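final-v1.pdb follows; it contains PDB, C-alpha atoms, pLDDT in the B column.
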ATOM      1  CA  MET A  45      21.577  96.440  91.050  1.00 43.00           C
ATOM      2  CA  SER A  46      17.920  96.608  91.915  1.00 56.00           C
ATOM      3  CA  ASN A  47      16.319  99.954  92.629  1.00 66.00           C
ATOM      4  CA  LEU A  48      16.881 100.904  96.223  1.00 75.00           C
ATOM      5  CA  ASP A  49      14.021 102.579  98.049  1.00 89.00           C
ATOM      6  CA  PHE A  50      15.946 105.677  99.070  1.00 91.00           C
ATOM      7  CA  ASP A  51      13.020 107.289 100.890  1.00 92.00           C
ATOM      8  CA  GLN A  52      12.410 104.186 103.015  1.00 93.00           C
ATOM      9  CA  ILE A  53      16.112 103.870 103.890  1.00 93.00           C
ATOM     10  CA  LEU A  54      16.299 107.596 104.718  1.00 93.00           C
ATOM     11  CA  ASP A  55      13.241 107.272 106.955  1.00 93.00           C
ATOM     12  CA  GLU A  56      14.740 104.305 108.840  1.00 91.00           C
ATOM     13  CA  TRP A  57      18.075 106.147 109.218  1.00 92.00           C
ATOM     14  CA  SER A  58      16.332 109.320 110.434  1.00 93.00           C
ATOM     15  CA  LYS A  59      14.514 107.391 113.178  1.00 91.00           C
ATOM     16  CA  VAL A  60      17.900 106.354 114.599  1.00 87.00           C
ATOM     17  CA  TYR A  61      19.961 109.500 114.005  1.00 89.00           C
ATOM     18  CA  LEU A  62      17.746 112.571 113.893  1.00 92.00           C
ATOM     19  CA  ILE A  63      16.651 112.302 117.519  1.00 91.00           C
ATOM     20  CA  GLY A  64      17.920 113.670 120.810  1.00 92.00           C
ATOM     21  CA  ASP A  65      20.851 116.023 120.253  1.00 92.00           C
ATOM     22  CA  TYR A  66      20.323 115.729 116.482  1.00 92.00           C
ATOM     23  CA  GLU A  67      16.636 116.596 116.498  1.00 94.00           C
ATOM     24  CA  GLY A  68      16.045 119.439 114.038  1.00 95.00           C
ATOM     25  CA  TRP A  69      19.122 118.568 111.977  1.00 96.00           C
ATOM     26  CA  GLU A  70      18.787 117.844 108.267  1.00 94.00           C
ATOM     27  CA  ILE A  71      20.649 115.684 105.823  1.00 95.00           C
ATOM     28  CA  LYS A  72      22.091 117.016 102.573  1.00 95.00           C
ATOM     29  CA  ILE A  73      23.461 114.910  99.766  1.00 95.00           C
ATOM     30  CA  ASP A  74      25.903 116.421  97.299  1.00 94.00           C
ATOM     31  CA  ASP A  75      24.526 116.561  93.762  1.00 93.00           C
ATOM     32  CA  ASP A  76      27.369 114.443  92.401  1.00 91.00           C
ATOM     33  CA  ILE A  77      26.534 111.498  94.694  1.00 93.00           C
ATOM     34  CA  ASN A  78      24.675 108.623  93.058  1.00 91.00           C
ATOM     35  CA  ARG A  79      21.342 108.260  94.903  1.00 91.00           C
ATOM     36  CA  ASP A  80      21.760 104.474  95.230  1.00 92.00           C
ATOM     37  CA  PHE A  81      25.216 105.024  96.739  1.00 91.00           C
ATOM     38  CA  ALA A  82      23.718 107.501  99.217  1.00 92.00           C
ATOM     39  CA  ALA A  83      21.105 104.876 100.130  1.00 92.00           C
ATOM     40  CA  ILE A  84      23.881 102.339 100.710  1.00 91.00           C
ATOM     41  CA  ALA A  85      25.754 104.837 102.894  1.00 91.00           C
ATOM     42  CA  LEU A  86      22.665 105.507 105.033  1.00 92.00           C
ATOM     43  CA  PHE A  87      21.848 101.807 105.250  1.00 90.00           C
ATOM     44  CA  LEU A  88      25.368 100.943 106.410  1.00 89.00           C
ATOM     45  CA  ASP A  89      25.404 103.827 108.874  1.00 88.00           C
ATOM     46  CA  ASN A  90      22.088 102.669 110.322  1.00 87.00           C
ATOM     47  CA  LYS A  91      23.190  99.026 110.552  1.00 86.00           C
ATOM     48  CA  THR A  92      26.459 100.070 112.200  1.00 85.00           C
ATOM     49  CA  ALA A  93      24.507 101.961 114.861  1.00 80.00           C
ATOM     50  CA  LYS A  94      22.350  98.910 115.480  1.00 77.00           C
ATOM     51  CA  ALA A  95      25.465  96.691 115.646  1.00 78.00           C
ATOM     52  CA  SER A  96      26.799  98.846 118.484  1.00 77.00           C
ATOM     53  CA  GLY A  97      24.481  96.917 120.800  1.00 75.00           C
ATOM     54  CA  GLU A  98      26.268  93.688 119.880  1.00 70.00           C
ATOM     55  CA  SER A  99      29.609  92.418 121.136  1.00 72.00           C
ATOM     56  CA  THR A 100      32.606  94.706 120.699  1.00 76.00           C
ATOM     57  CA  ASP A 101      34.235  92.359 118.177  1.00 76.00           C
ATOM     58  CA  TYR A 102      31.099  92.231 116.042  1.00 75.00           C
ATOM     59  CA  TYR A 103      30.595  95.984 116.192  1.00 72.00           C
ATOM     60  CA  GLU A 104      34.227  96.828 115.346  1.00 81.00           C
ATOM     61  CA  GLY A 105      34.216  94.338 112.458  1.00 82.00           C
ATOM     62  CA  PHE A 106      30.955  95.695 111.063  1.00 80.00           C
ATOM     63  CA  LYS A 107      32.126  99.282 111.455  1.00 81.00           C
ATOM     64  CA  LYS A 108      35.393  98.548 109.647  1.00 85.00           C
ATOM     65  CA  ALA A 109      33.596  96.763 106.798  1.00 87.00           C
ATOM     66  CA  SER A 110      31.111  99.633 106.453  1.00 87.00           C
ATOM     67  CA  LEU A 111      33.886 102.211 106.294  1.00 85.00           C
ATOM     68  CA  GLN A 112      35.675 100.167 103.628  1.00 88.00           C
ATOM     69  CA  VAL A 113      32.533 100.002 101.481  1.00 89.00           C
ATOM     70  CA  LEU A 114      32.014 103.764 101.826  1.00 89.00           C
ATOM     71  CA  ASP A 115      35.671 104.328 100.955  1.00 88.00           C
ATOM     72  CA  PHE A 116      35.247 102.151  97.855  1.00 88.00           C
ATOM     73  CA  LEU A 117      32.143 104.160  96.861  1.00 90.00           C
ATOM     74  CA  GLU A 118      34.150 107.360  97.512  1.00 90.00           C
ATOM     75  CA  ILE A 119      31.601 108.664 100.008  1.00 92.00           C
ATOM     76  CA  VAL A 120      31.926 110.181 103.460  1.00 90.00           C
ATOM     77  CA  ILE A 121      29.243 111.116 105.966  1.00 91.00           C
ATOM     78  CA  ALA A 122      30.197 114.291 107.836  1.00 92.00           C
ATOM     79  CA  GLU A 123      28.581 116.619 110.338  1.00 94.00           C
ATOM     80  CA  GLU A 124      28.430 120.403 110.175  1.00 95.00           C
ATOM     81  CA  PRO A 125      27.312 121.207 113.751  1.00 95.00           C
ATOM     82  CA  GLU A 126      27.123 124.968 113.244  1.00 95.00           C
ATOM     83  CA  GLU A 127      24.533 124.501 110.505  1.00 96.00           C
ATOM     84  CA  LYS A 128      22.915 121.367 112.008  1.00 96.00           C
ATOM     85  CA  ILE A 129      23.536 119.439 108.804  1.00 95.00           C
ATOM     86  CA  ILE A 130      24.718 115.911 108.146  1.00 95.00           C
ATOM     87  CA  LYS A 131      26.231 115.702 104.660  1.00 95.00           C
ATOM     88  CA  ILE A 132      26.913 112.821 102.346  1.00 95.00           C
ATOM     89  CA  MET A 133      29.831 114.005 100.246  1.00 93.00           C
ATOM     90  CA  LYS A 134      32.224 112.761  97.626  1.00 91.00           C
ATOM     91  CA  LYS A 135      35.736 111.939  98.776  1.00 86.00           C
ATOM     92  CA  GLU A 136      38.755 110.419  97.170  1.00 76.00           C
ATOM     93  CA  SER A 137      39.065 106.766  98.115  1.00 72.00           C
ATOM     94  CA  SER A 138      42.220 105.539  99.804  1.00 74.00           C
ATOM     95  CA  ARG A 139      42.659 103.201  96.805  1.00 75.00           C
ATOM     96  CA  VAL A 140      42.867 106.158  94.389  1.00 72.00           C
ATOM     97  CA  ARG A 141      44.962 108.191  96.811  1.00 73.00           C
ATOM     98  CA  ASP A 142      47.417 105.281  97.186  1.00 71.00           C
ATOM     99  CA  GLN A 143      47.679 104.945  93.405  1.00 76.00           C
ATOM    100  CA  LYS A 144      48.453 108.659  93.027  1.00 73.00           C
ATOM    101  CA  LEU A 145      51.033 108.496  95.792  1.00 73.00           C
ATOM    102  CA  ALA A 146      52.705 105.469  94.240  1.00 74.00           C
ATOM    103  CA  LYS A 147      52.852 107.239  90.879  1.00 77.00           C
ATOM    104  CA  GLU A 148      54.434 110.310  92.490  1.00 76.00           C
ATOM    105  CA  ILE A 149      57.009 108.209  94.324  1.00 85.00           C
ATOM    106  CA  TRP A 150      57.909 105.664  91.643  1.00 85.00           C
ATOM    107  CA  GLY A 151      56.757 107.431  88.490  1.00 71.00           C
TER
END

Would you write the structure of this file as structure tokens?
Amino acid sequence: MSNLDFDQILDEWSKVYLIGDYEGWEIKIDDDINRDFAAIALFLDNKTAKASGESTDYYEGFKKASLQVLDFLEIVIAEEPEEKIIKIMKKESSRVRDQKLAKEIWG
């Protein structure tokens, strides 16, 4: 994978998200998140927001695809309103969770 320009992607994302009700918020990325993966998460989040102006079918399809990629990368973007923080955090993918569940059920 080529080097992603994280700072440029963060800047583009911030112009869409850190305005209005989210002005003054900050973004935090967990230390165990690969920086390129965080860039991908922000890029997809930004593109999903832009797709919301398209037809409902296009938007829903893009949103679903974005969430699947983030699930595969084991990343979630979450808000902490009390602290005015948007976090990119590690999460267990549904693929791994399903494998663990299957092992528990069938051994």

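Between atom CA of Ile77 of chain A and atom CA of Val140 of chain A lies a distance of 17.2 Å.
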
Checklist entry - Counting all atoms listed in the file, what is within 12 Å of segment 84-91 of chain A, bar same-chain residues fewer than 5 positions away, as a PyMOL selection string? => result chain A and resi 45+47-62+71-73+77-79+96-98+102-103+106-122+130-134

Deliver the residues from the most recent selection as a file, using C-alpha atoms, as a short mmCIF file (atom, residue, chain, number, x, y, z; two decimals), keeping the file's coordinate frame.
data_model
loop_
_atom_site.label_atom_id
_atom_site.label_comp_id
_atom_site.auth_asym_id
_atom_site.auth_seq_id
_atom_site.Cartn_x
_atom_site.Cartn_y
_atom_site.Cartn_z
CA MET A 45 21.58 96.44 91.05
CA ASN A 47 16.32 99.95 92.63
CA LEU A 48 16.88 100.90 96.22
CA ASP A 49 14.02 102.58 98.05
CA PHE A 50 15.95 105.68 99.07
CA ASP A 51 13.02 107.29 100.89
CA GLN A 52 12.41 104.19 103.02
CA ILE A 53 16.11 103.87 103.89
CA LEU A 54 16.30 107.60 104.72
CA ASP A 55 13.24 107.27 106.96
CA GLU A 56 14.74 104.30 108.84
CA TRP A 57 18.08 106.15 109.22
CA SER A 58 16.33 109.32 110.43
CA LYS A 59 14.51 107.39 113.18
CA VAL A 60 17.90 106.35 114.60
CA TYR A 61 19.96 109.50 114.00
CA LEU A 62 17.75 112.57 113.89
CA ILE A 71 20.65 115.68 105.82
CA LYS A 72 22.09 117.02 102.57
CA ILE A 73 23.46 114.91 99.77
CA ILE A 77 26.53 111.50 94.69
CA ASN A 78 24.68 108.62 93.06
CA ARG A 79 21.34 108.26 94.90
CA SER A 96 26.80 98.85 118.48
CA GLY A 97 24.48 96.92 120.80
CA GLU A 98 26.27 93.69 119.88
CA TYR A 102 31.10 92.23 116.04
CA TYR A 103 30.60 95.98 116.19
CA PHE A 106 30.96 95.70 111.06
CA LYS A 107 32.13 99.28 111.46
CA LYS A 108 35.39 98.55 109.65
CA ALA A 109 33.60 96.76 106.80
CA SER A 110 31.11 99.63 106.45
CA LEU A 111 33.89 102.21 106.29
CA GLN A 112 35.67 100.17 103.63
CA VAL A 113 32.53 100.00 101.48
CA LEU A 114 32.01 103.76 101.83
CA ASP A 115 35.67 104.33 100.96
CA PHE A 116 35.25 102.15 97.86
CA LEU A 117 32.14 104.16 96.86
CA GLU A 118 34.15 107.36 97.51
CA ILE A 119 31.60 108.66 100.01
CA VAL A 120 31.93 110.18 103.46
CA ILE A 121 29.24 111.12 105.97
CA ALA A 122 30.20 114.29 107.84
CA ILE A 130 24.72 115.91 108.15
CA LYS A 131 26.23 115.70 104.66
CA ILE A 132 26.91 112.82 102.35
CA MET A 133 29.83 114.00 100.25
CA LYS A 134 32.22 112.76 97.63
#

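In this structure, atom CA of Glu124 of chain A sits 11.3 Å away from atom CA of Tyr66 of chain A.
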
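From atom CA of Glu67 of chain A back to atom CA of Glu126 of chain A, the distance works out to 13.8 Å.
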
So for segment 104-108 of chain A, what box centre and size do we get, axis-aligned, 6 Å extra on each of the six sides, every listed atom, Å to one decimal, as JSON?
{"center_x": 33.2, "center_y": 96.8, "center_z": 112.5, "size_x": 16.4, "size_y": 16.9, "size_z": 17.7}

Item to check | Selected residue, from A:Ala83, A:Glu123, A:Lys94, A:Asp101, that lies nearest to Glu70 of chain A when counting only C-alpha atoms | outcome: A:Glu123
